[in-house]
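Below is one structure, written out as structure tokens, with a few remarks after it.
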Number of protein chains: 2
Amino acid sequence: MTAAQSSPRKRAGNGAVRPIDAEEIGLDALVGHAGYAVRRFQIWIFQDFIRTLGEVDIRPTQYSVLTVIGANPGLSQMAVAKRLGIERARLVHLLDSLEQRKLVKRVKSKTDRRSHALHLTTQGETALAKFKRLAAEHERHVEEKIGRDNRERLLRILADFT
Amino acid sequence: MTAAQSSPRKRAGNGAVRPIDAEEIGLDALVGHAGYAVRRFQIWIFQDFIRTLGEVDIRPTQYSVLTVIGANPGLSQMAVAKRLGIERARLVHLLDSLEQRKLVKRVKSKTDRRSHALHLTTQGETALAKFKRLAAEHERHVEEKIGRDNRERLLRILADFT
DNA sequence: GAAAGATTGTTGTTGACGACAACAATTGTC
DNA sequence: GACAATTGTTGTCGTCAACAACAATCTTTC
């Protein structure tokens, strides 16, 4: 219907590959899809996050888990998993790793002997403080990339997904 | 510095897990991170895309490859991979699958015997037309989810990442 | 024009991640 | 007390990004 129909670059009948000047390849219908842009952006963000927090070896998912536990000590694994949209099966491994690194501890609950109460260790709290500083630095990179008000617009638009 | 510091819900000293009323768990610093919202949103989008194009069994990455080839017949695998930000190693498997389904064909290039010129089959072209209709339907779901102007704002903000 | 270097497609490995299924221990319900 | 539901755990499967290595084939350089 719209201009998305596009025109094939060059009906190269039977495979005549002309060098194709670098980056002028049409995306056609893709430019109208929010998902495509969001995906590429998300990849960029994660790469920058991983690089910026590289010195402390913390990935986005780990950071989100630590942050939530830090702000809500005593949560069960189910509660954390549900809140962050992580499979509880996956959270098990994440916590195994974080517990090995002495950042988190699983305390056996006495009110419900099935569940664990999650807490940061003392070491975990000071570490998280540093992670947050680095994460803030990462966030500044995002600002530089898309612009200050665009970042805030974005946060407002996607507020329901947090 | 800001209000992001948050206050721990309840110093539950030694693991007293109080039921925690459903979804009122604080995200603390996470709410200020664009990456978190973008990630959750991207997961939602992909799930809807996969569900909406479920009847034709086409996933987002496959759709992007088909679209680019359709709009630029004769491209090499390198060109497609670079344009879409896909590893060329990964594109190999994607094309294997699409070629098995008779949607795409690899034509040996005569100007550069290392590379393949990628084309849609006739079947591939009619199939892609249907995929595009379904993808447009998916896009309407996005509109319903975040609102019409928010979607357009989003596309504008992230235009550089396409 | 031959040697050295770069590119293209391919194969394989690794690790993070989402989605499921199954299970034991425990709790809640009737 | 029997039966269903929940919690943490283990395991499998498929997608995906990131590398590394390789053979075949250009391209550069002397």
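The way I read the labels, and the way they are meant: chains A, B, ... in the order of the structure tokens, residue 1 as the first residue of every chain, and ligand 1 as the first ligand shown, with later ones counted on from there.
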Review point. What residues in chain D have any atom no more than 10 Å from chain A when counting only C-alpha atoms (C1' of nucleotides), and can you write them as number ranges by chain?
Key: D: 6-10, 17
Practice item. Define the interface residues of chain C facing chain B as those within 8 Å, counting only C-alpha atoms (C1' of nucleotides), and report them as a list of chain:residue names. Key: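 Within 8 Å of chain B on chain C, we get C:DT8, C:DG9, C:DT10.
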With C-alpha atoms (C1' of nucleotides) retained, could you export that selection as a short mmCIF file (atom, residue, chain, number, x, y, z; two decimals), in the first residue's frame?
```cif
data_model
loop_
_atom_site.label_atom_id
_atom_site.label_comp_id
_atom_site.auth_asym_id
_atom_site.auth_seq_id
_atom_site.Cartn_x
_atom_site.Cartn_y
_atom_site.Cartn_z
"C1'" DT C 8 33.88 -15.35 1.33
"C1'" DG C 9 31.49 -19.16 2.72
"C1'" DT C 10 31.69 -22.89 5.87
#
```
Practice item. Considering only C-alpha atoms (C1' of nucleotides), return as a VMD selection string whatever protein or nucleic-acid residues lie within 9 Å of Leu84 of chain B, sequence-local ones (same chain, fewer than 6 positions apart) excluded. Key: (chain A and resid 27 40) or (chain B and resid 64 to 65 68 162)
Practice item. Would you please work out which residue, of B:Leu98, B:Lys108, B:Leu134, B:Arg90, is nearest to chain A when using only C-alpha atoms? Key: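 Counting only C-alpha atoms, the residue closest to chain A is B:Lys108.
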Check your understanding: With only C-alpha atoms as the atoms that count, which of A:Leu91, A:Leu120, A:Leu155, A:Leu128 lies nearest to chain B?
Key ->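 The closest residue to chain B is A:Leu155.
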**Study point:** Selected residue of minimal separation from chain A among B:Val56, B:Ala159, B:Leu94, B:Ala127, counting only C-alpha atoms
**Key:**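 Among the listed residues, the smallest separation from chain A belongs to B:Ala159.
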Review point. Which one is closest to chain B: A:Gly54, A:Glu143, A:Ala117, A:Gln62? Count only C-alpha atoms.
Key: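 Nearest candidate to chain B out of A:Gly54, A:Glu143, A:Ala117, A:Gln62: A:Ala117.
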Exercise for review: Determine which residues of chain B receive a DSSP assignment of strand (DSSP E), computed from the backbone, and state them as a list in words.
Suggested key: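 Checking each residue of chain B, the strand (DSSP E) ones are Val104, Lys105, Arg106, Val107, Lys108, His116, Ala117, Leu118, His119 and Leu120 of chain B.
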Check your understanding: Do you know which residues are at most 12 Å from Glu24 of chain A counting only C-alpha atoms (C1' of nucleotides), after dropping those on the same chain fewer than 5 positions away, and could you put them as a list in words?
Key ->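 My reading of the contact set: Arg9 and Pro19 of chain A; Val68, Ala71, Asn72, Leu75, Ala79, Val80, Lys82, Arg83 and Thr162 of chain B.
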With N, CA and C atoms kept, could you save the residues just selected as an mmCIF file, in the first residue's frame?
```cif
data_model
loop_
_atom_site.group_PDB
_atom_site.id
_atom_site.type_symbol
_atom_site.label_atom_id
_atom_site.label_comp_id
_atom_site.auth_asym_id
_atom_site.auth_seq_id
_atom_site.Cartn_x
_atom_site.Cartn_y
_atom_site.Cartn_z
ATOM 1 N N ARG A 9 16.745 -3.591 -6.508
ATOM 2 C CA ARG A 9 17.888 -2.791 -6.903
ATOM 3 C C ARG A 9 18.269 -2.938 -8.362
ATOM 4 N N PRO A 19 29.412 -5.213 -7.137
ATOM 5 C CA PRO A 19 29.982 -4.952 -5.818
ATOM 6 C C PRO A 19 29.016 -4.398 -4.763
ATOM 7 N N VAL B 68 15.198 -8.325 3.062
ATOM 8 C CA VAL B 68 16.363 -7.666 2.456
ATOM 9 C C VAL B 68 16.718 -8.304 1.116
ATOM 10 N N ALA B 71 14.250 -7.212 -1.508
ATOM 11 C CA ALA B 71 14.398 -5.829 -1.959
ATOM 12 C C ALA B 71 15.719 -5.599 -2.679
ATOM 13 N N ASN B 72 16.668 -6.514 -2.499
ATOM 14 C CA ASN B 72 17.989 -6.365 -3.122
ATOM 15 C C ASN B 72 18.492 -7.683 -3.674
ATOM 16 N N LEU B 75 22.363 -9.967 -3.774
ATOM 17 C CA LEU B 75 23.324 -9.660 -2.716
ATOM 18 C C LEU B 75 24.127 -10.899 -2.332
ATOM 19 N N ALA B 79 27.201 -9.304 2.346
ATOM 20 C CA ALA B 79 26.475 -8.032 2.289
ATOM 21 C C ALA B 79 25.232 -8.076 3.170
ATOM 22 N N VAL B 80 24.485 -9.172 3.064
ATOM 23 C CA VAL B 80 23.278 -9.316 3.876
ATOM 24 C C VAL B 80 23.632 -9.343 5.363
ATOM 25 N N LYS B 82 26.266 -8.182 6.893
ATOM 26 C CA LYS B 82 26.744 -6.897 7.376
ATOM 27 C C LYS B 82 25.567 -5.928 7.534
ATOM 28 N N ARG B 83 24.697 -5.915 6.561
ATOM 29 C CA ARG B 83 23.585 -4.965 6.608
ATOM 30 C C ARG B 83 22.657 -5.198 7.789
ATOM 31 N N THR B 162 18.712 1.392 12.434
ATOM 32 C CA THR B 162 18.261 0.501 11.367
ATOM 33 C C THR B 162 19.328 0.425 10.292
#
```
Check your understanding: Pick from B:Glu87, B:Val107, B:Ala81, B:Gly124: nearest to chain A, with only C-alpha atoms counted?
Key ->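 So, comparing all the options, the nearest one is B:Val107.
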Study note, to complete from the structure: In terms of only C-alpha atoms, the residue from A:Lys105, A:Ala29, A:Asp57, A:Arg133 at minimal distance from chain B is A:Ala29
Review point. Distance atom CA of Gly74 of chain A-atom CA of Lys102 of chain A, one decimal place?
Key: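 Separation of atom CA of Gly74 of chain A and atom CA of Lys102 of chain A: 16.4 Å.
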Study note, to complete from the structure: From atom CA of Thr67 of chain A to atom CA of His119 of chain A the spacing works out at 10.8 Å
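Interatomic distance, atom CA of Asn150 of chain B against atom CA of Ile157 of chain A: 6.3 Å.
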Practice item. Would you kindly return, as a PyMOL selection string, each protein, DNA or RNA residue with an atom no farther than 10 Å from any atom of DT29 of chain C, considering only C-alpha atoms (C1' of nucleotides) and excluding same-chain residues fewer than 3 positions away? Key: chain D and resi 3-5
Which residues, written as a PDB file with N, CA, C and O atoms, in the first residue's frame, have at least one atom at most 12 Å from Thr126 of chain A, with only C-alpha atoms (C1' of nucleotides) counted and residues fewer than 5 positions away on the same chain left out?
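Final output, saved to selection.pdb:
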```
ATOM      1  N   LEU A  66      20.767  -8.524  41.262  1.00  0.00           N
ATOM      2  CA  LEU A  66      21.395  -7.925  42.446  1.00  0.00           C
ATOM      3  C   LEU A  66      20.646  -6.673  42.902  1.00  0.00           C
ATOM      4  O   LEU A  66      20.433  -6.459  44.096  1.00  0.00           O
ATOM      5  N   GLY A  70      18.887  -6.275  46.435  1.00  0.00           N
ATOM      6  CA  GLY A  70      19.389  -5.200  47.294  1.00  0.00           C
ATOM      7  C   GLY A  70      18.277  -4.289  47.793  1.00  0.00           C
ATOM      8  O   GLY A  70      18.302  -3.835  48.939  1.00  0.00           O
ATOM      9  N   LYS A 102      30.167 -14.850  46.377  1.00  0.00           N
ATOM     10  CA  LYS A 102      29.944 -14.263  47.703  1.00  0.00           C
ATOM     11  C   LYS A 102      29.225 -12.916  47.639  1.00  0.00           C
ATOM     12  O   LYS A 102      29.460 -12.041  48.473  1.00  0.00           O
ATOM     13  N   LEU A 103      28.381 -12.742  46.629  1.00  0.00           N
ATOM     14  CA  LEU A 103      27.638 -11.482  46.530  1.00  0.00           C
ATOM     15  C   LEU A 103      26.239 -11.642  47.105  1.00  0.00           C
ATOM     16  O   LEU A 103      25.632 -10.690  47.565  1.00  0.00           O
ATOM     17  N   VAL A 104      25.742 -12.869  47.084  1.00  0.00           N
ATOM     18  CA  VAL A 104      24.370 -13.159  47.503  1.00  0.00           C
ATOM     19  C   VAL A 104      24.386 -14.384  48.400  1.00  0.00           C
ATOM     20  O   VAL A 104      25.242 -15.247  48.260  1.00  0.00           O
ATOM     21  N   LEU A 120      21.742  -9.833  50.059  1.00  0.00           N
ATOM     22  CA  LEU A 120      23.101  -9.510  49.657  1.00  0.00           C
ATOM     23  C   LEU A 120      24.026  -9.769  50.834  1.00  0.00           C
ATOM     24  O   LEU A 120      23.640  -9.559  51.992  1.00  0.00           O
ATOM     25  N   THR A 121      25.232 -10.215  50.561  1.00  0.00           N
ATOM     26  CA  THR A 121      26.237 -10.275  51.621  1.00  0.00           C
ATOM     27  C   THR A 121      26.759  -8.850  51.834  1.00  0.00           C
ATOM     28  O   THR A 121      26.472  -7.947  51.041  1.00  0.00           O
ATOM     29  N   PHE A 131      28.859  -1.352  41.145  1.00  0.00           N
ATOM     30  CA  PHE A 131      28.162  -1.722  39.908  1.00  0.00           C
ATOM     31  C   PHE A 131      27.223  -0.595  39.487  1.00  0.00           C
ATOM     32  O   PHE A 131      27.108  -0.280  38.299  1.00  0.00           O
ATOM     33  N   LYS A 132      26.556  -0.008  40.463  1.00  0.00           N
ATOM     34  CA  LYS A 132      25.605   1.047  40.144  1.00  0.00           C
ATOM     35  C   LYS A 132      26.307   2.268  39.570  1.00  0.00           C
ATOM     36  O   LYS A 132      25.777   2.932  38.670  1.00  0.00           O
ATOM     37  N   ARG A 133      27.491   2.553  40.075  1.00  0.00           N
ATOM     38  CA  ARG A 133      28.239   3.683  39.518  1.00  0.00           C
ATOM     39  C   ARG A 133      28.598   3.416  38.064  1.00  0.00           C
ATOM     40  O   ARG A 133      28.456   4.267  37.192  1.00  0.00           O
TER      41      ARG A 133
END
```
